[in-house]
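Chemist: One structure is given below, represented as structure tokens, and several questions about it will come after.
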Amino acid sequence: MISAVFLGSPFQQVVQAFLFMVEVPFHSKMMMWACLPIFANLLIMKLYFGIYRKEALGWNSVIANAMTLVWVGVSSMRYILERNFLNFDDTKTILALSMLVIGLLIICVSFIHGLPEGFMYSVVSSQTIQFFSYMCVLFIYANMPFTYISAIAAGLLFVVIWLVFLAVRLFEPSK
């Protein structure tokens, strides 16, 4: 199992945590298998909606995004159970179960259109869900501690991903 330890000044720790978040899937086959669908889904959805900019997001997209949370929650629970880590006081177990429950709740609320469209479309956007899913995989599979350093590094990673897709969108043809 991979474990993250960040040393040095707070700035150095943020940089180490950021680099860890970017590199760790490439050092673990188990994590790569968990992350590939997340990365693929994010890339395909961002490229699709970059090209078809006028296409409206629908409830079906919200449900599909929520299914990612369910899938990652189930996959994370399998990982935890295979290693006999199941402990309801453990952060990993609580995080995996939370992803599963939140995903199921979003599906139920979306299925009945229980909240305003604009709110659901923004909260359950592909980028947000895929990023949250990736962070959960990091904390569960890579044993990354959840600290203010990792939270800052995660925020920085989110901004970098957003900027990369913004730059790609500038060069992407639209229909």
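The way I read the labels, and the way they are meant: chains A, B, ... in the order of the structure tokens, residue 1 as the first residue of every chain, and ligand 1 as the first ligand shown, with later ones counted on from there.
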If we count only C-alpha atoms and set the cut-off at 10 Å, which residues sit around Leu95 (chain A), ignoring sequence neighbours fewer than 2 positions away in its own chain? Please answer as a PyMOL selection string.
Modeler: chain A and resi 73+76-77+90-93+97-101+136-137+139-140
Chemist: Determine, counting only C-alpha atoms, which protein, DNA and RNA residues have an atom within 10 Å of an atom of Met120 (chain A); residues of the same chain fewer than 4 positions away are not included. Present the result as JSON, numbers by chain.
Modeler: {"A": [58, 59, 62, 106, 109, 110, 113, 114, 115, 116, 124, 125]}
Chemist: Mind dumping the selected residues with N, CA and C atoms as a short mmCIF file (atom, residue, chain, number, x, y, z; two decimals), in the first residue's frame?
Modeler:
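Output below, filename out.cif:
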data_model
loop_
_atom_site.label_atom_id
_atom_site.label_comp_id
_atom_site.auth_asym_id
_atom_site.auth_seq_id
_atom_site.Cartn_x
_atom_site.Cartn_y
_atom_site.Cartn_z
N GLY A 58 -28.70 17.54 -19.22
CA GLY A 58 -30.02 17.03 -18.84
C GLY A 58 -29.95 16.24 -17.55
N TRP A 59 -31.12 15.86 -17.07
CA TRP A 59 -31.20 15.07 -15.86
C TRP A 59 -30.47 13.75 -16.02
N VAL A 62 -26.95 14.15 -14.99
CA VAL A 62 -26.82 14.22 -13.53
C VAL A 62 -26.85 12.80 -12.95
N ILE A 106 -28.43 11.34 -4.80
CA ILE A 106 -28.47 12.21 -5.99
C ILE A 106 -29.31 11.55 -7.08
N VAL A 109 -33.04 11.87 -6.04
CA VAL A 109 -33.51 13.25 -6.16
C VAL A 109 -33.61 13.65 -7.63
N SER A 110 -32.64 13.24 -8.43
CA SER A 110 -32.64 13.58 -9.86
C SER A 110 -33.75 12.84 -10.59
N HIS A 113 -36.73 14.70 -10.12
CA HIS A 113 -36.51 16.14 -10.35
C HIS A 113 -36.85 16.93 -9.08
N GLY A 114 -36.30 16.45 -7.95
CA GLY A 114 -36.63 17.00 -6.64
C GLY A 114 -35.99 18.31 -6.28
N LEU A 115 -34.99 18.74 -7.01
CA LEU A 115 -34.33 20.02 -6.76
C LEU A 115 -34.24 20.78 -8.08
N PRO A 116 -34.05 22.09 -8.03
CA PRO A 116 -33.98 22.88 -9.27
C PRO A 116 -32.86 22.41 -10.20
N VAL A 124 -23.64 18.76 -9.53
CA VAL A 124 -23.34 17.41 -9.99
C VAL A 124 -22.73 17.44 -11.39
N SER A 125 -21.93 18.46 -11.66
CA SER A 125 -21.27 18.53 -12.96
C SER A 125 -20.22 17.42 -13.06
#
Chemist: Which of these, A:Leu170, A:Phe158, A:Phe165, A:Ile152, has the shortest distance to Val14 (chain A) once you count only C-alpha atoms?
Modeler: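 That would be A:Ile152, the residue with the smallest distance to Val14 (chain A).
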Chemist: Find, counting only C-alpha atoms, the residue in A:Ala154, A:Ile102, A:Leu36, A:Ala17 that gets nearest to Ile63 (chain A).
Modeler: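 Closest to Ile63 (chain A) of all the choices is A:Ile102.
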Chemist: Pick the closest to Leu156 (chain A) from A:Phe6, A:Lys46, A:Met67, A:Met21: which is it, counting only C-alpha atoms?
Modeler: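 With only C-alpha atoms as the atom set, the closest residue is A:Met21.
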Chemist: Could you check which of A:Ile107, A:Ile129, A:Ile80, A:Leu19 is closest to Ile38 (chain A), using only C-alpha atoms?
Modeler: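 Nearest to Ile38 (chain A): A:Ile129.
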Chemist: So the first atom is CA of Met31 (chain A) and the second is CA of Ile44 (chain A); what is the distance between them in Å, to one decimal place?
Modeler: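 Spanning CA of Met31 (chain A) to CA of Ile44 (chain A) is a straight-line distance of 20.0 Å.
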Chemist: Taking only C-alpha atoms into account, name the residue in A:Leu105, A:Ile94, A:Glu55, A:Gln127 that is nearest to Leu163 (chain A).
Modeler: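 Going through A:Leu105, A:Ile94, A:Glu55, A:Gln127 one by one, the smallest distance to Leu163 (chain A) is for A:Gln127.
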Chemist: Near Gln16 (chain A), within 10 Å and counting only C-alpha atoms, which residues show up once chain neighbours fewer than 4 positions away are dropped, as a ChimeraX atom specification?
Modeler: /A:4-8,10-12,20-22,149-150,153
Chemist: Looking only at helix (DSSP H, G or I) from DSSP on the backbone, list the matching residues of chain A as a PyMOL selection string.
Modeler: chain A and resi 10-27+29-51+59-82+91-111+117-123+126-141+148-171
Chemist: Contacts of Leu138 (chain A) at 9 Å or less, counting only C-alpha atoms, minus same-chain residues fewer than 3 places along, as a PyMOL selection string?
Modeler: chain A and resi 21+24-25+31+133-135+141-144
Chemist: Can you pull out every residue within 9 Å of Leu47 (chain A), counting only C-alpha atoms, but drop anything in the same chain fewer than 4 positions away, and send it as a list in words?
Modeler: Leu42, Leu43, Ile51, Tyr52, Phe165, Val168, Arg169 and Glu172 of chain A
Chemist: Could you check how far CA of Asn65 (chain A) sits from CA of Gln130 (chain A), in Å to one decimal?
Modeler: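 Between these atoms lies a distance of 7.9 Å.
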